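Quick notes on the structure that follows.
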Amino acid sequence: MNCLGNLLWMVFGGLFSSLGWLLTGCLWCITIVGIPVGVQCFKFAGLSLCPFGKEVRYGGGTVSLLVNIIWLIVSGIPMAAGFAFWGCLLCVTVIGIPFGLQMFKLAKLALMPFGAVVE
């Protein structure tokens, strides 16, 4: 199921989303200050390419918590709200429920990506 779900996800937008996150990560990594944000963009690129069969686990320490608070204020809440909206919209139909659940996984990562690990 994971392979089929990932294939359908890629065909219906996951590939373009992943390429967009990859490009954004490369642009952030141009500056030294933007490298931590670029690394998080690469994390989003990996998860948005093949989300089925992966889990988001939180870890990290005090520094991750402080940076996550800044991230939450600047861009985390709007991103998570967008992913949650699409997740709810996809869960309206029976066929869209697995894809909606993956959107909720992306929303979870969008809230606090620093210190999170995608396994």
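Labeling convention for the structure tokens: chains A, B, ... as they appear, residues from 1 per chain, ligands from 1 in order of appearance.
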What are the closest atom pairs, with distances in Å to one decimal, for all residues of region 41-63 of chain A lying within 9 Å of region 95-118 of chain A? Consider only C-alpha atoms, order rows by chain and residue number, and present the result as JSON lines.
```
{"residue": "A:Lys43", "atom": "CA", "partner": "A:Val118", "partner_atom": "CA", "distance": 7.5}
{"residue": "A:Phe44", "atom": "CA", "partner": "A:Leu106", "partner_atom": "CA", "distance": 7.7}
{"residue": "A:Gly46", "atom": "CA", "partner": "A:Val118", "partner_atom": "CA", "distance": 8.5}
{"residue": "A:Leu47", "atom": "CA", "partner": "A:Val118", "partner_atom": "CA", "distance": 7.3}
{"residue": "A:Ser48", "atom": "CA", "partner": "A:Leu106", "partner_atom": "CA", "distance": 7.5}
{"residue": "A:Pro51", "atom": "CA", "partner": "A:Gln102", "partner_atom": "CA", "distance": 6.2}
{"residue": "A:Phe52", "atom": "CA", "partner": "A:Gln102", "partner_atom": "CA", "distance": 7.0}
{"residue": "A:Lys54", "atom": "CA", "partner": "A:Val118", "partner_atom": "CA", "distance": 6.5}
{"residue": "A:Glu55", "atom": "CA", "partner": "A:Val118", "partner_atom": "CA", "distance": 5.6}
{"residue": "A:Val56", "atom": "CA", "partner": "A:Val118", "partner_atom": "CA", "distance": 4.6}
{"residue": "A:Arg57", "atom": "CA", "partner": "A:Val117", "partner_atom": "CA", "distance": 5.2}
{"residue": "A:Tyr58", "atom": "CA", "partner": "A:Ala116", "partner_atom": "CA", "distance": 4.3}
{"residue": "A:Gly59", "atom": "CA", "partner": "A:Gly115", "partner_atom": "CA", "distance": 5.1}
{"residue": "A:Gly60", "atom": "CA", "partner": "A:Gly115", "partner_atom": "CA", "distance": 4.4}
{"residue": "A:Gly61", "atom": "CA", "partner": "A:Gly115", "partner_atom": "CA", "distance": 7.4}
{"residue": "A:Val63", "atom": "CA", "partner": "A:Gly115", "partner_atom": "CA", "distance": 8.9}
```
Might you pull out every residue within 12 Å of Leu4 (chain A), with only C-alpha atoms counted and same-chain residues fewer than 2 positions away left off, and present them as an MDAnalysis selection string? chainID A and resid 1:2 6:11 50:53 98:99
Region 47-100 of chain A residues near region 25-40 of chain A within 12 Å, closest pair each, using only C-alpha atoms, as CSV:
```
residue,atom,partner,partner_atom,distance
A:Leu47,CA,A:Gln40,CA,10.7
A:Val63,CA,A:Pro36,CA,11.9
A:Ser64,CA,A:Pro36,CA,10.7
A:Val67,CA,A:Pro36,CA,9.7
A:Asn68,CA,A:Val37,CA,10.7
A:Ile70,CA,A:Val37,CA,11.4
A:Trp71,CA,A:Val37,CA,9.1
A:Val74,CA,A:Val37,CA,11.9
A:Ser75,CA,A:Val37,CA,11.2
A:Gly76,CA,A:Gln40,CA,11.8
```
Would you save the residues from that selection as a PDB file, in the first residue's frame, using C-alpha atoms?
```
ATOM      1  CA  LEU A  47       8.438  13.988   3.291  1.00  0.00           C
ATOM      2  CA  VAL A  63      17.859  25.290  21.141  1.00  0.00           C
ATOM      3  CA  SER A  64      15.366  23.406  18.961  1.00  0.00           C
ATOM      4  CA  VAL A  67      14.050  28.128  17.160  1.00  0.00           C
ATOM      5  CA  ASN A  68      10.709  26.308  16.818  1.00  0.00           C
ATOM      6  CA  ILE A  70      10.397  31.645  16.197  1.00  0.00           C
ATOM      7  CA  TRP A  71       9.446  29.333  13.310  1.00  0.00           C
ATOM      8  CA  VAL A  74       6.941  33.454  11.428  1.00  0.00           C
ATOM      9  CA  SER A  75       5.673  30.651   9.214  1.00  0.00           C
ATOM     10  CA  GLY A  76       4.644  27.543  11.157  1.00  0.00           C
TER      11      GLY A  76
END
```
According to DSSP computed on the backbone, where in chain A is there helix (DSSP H, G or I)? Give the residues as JSON, numbers by chain. {"A": [2, 3, 4, 5, 6, 7, 8, 9, 10, 11, 12, 13, 14, 15, 16, 17, 18, 19, 20, 21, 22, 23, 24, 25, 26, 27, 28, 35, 36, 37, 38, 39, 40, 41, 42, 43, 44, 45, 46, 47, 48, 49, 62, 63, 64, 65, 66, 67, 68, 69, 70, 71, 72, 73, 74, 75, 76, 77, 78, 79, 80, 81, 82, 83, 84, 85, 86, 87, 88, 89, 90, 97, 98, 99, 100, 101, 102, 103, 104, 105, 106, 107, 108, 109, 110, 111]}
Just the strand (DSSP E or B) stuff from chain A, please, per backbone DSSP, written as a VMD selection string. chain A and resid 56 to 58 116 to 118
Calculate how many Å separate CA of Trp86 (chain A) from CA of Leu65 (chain A), rounding to one decimal. 26.7 Å
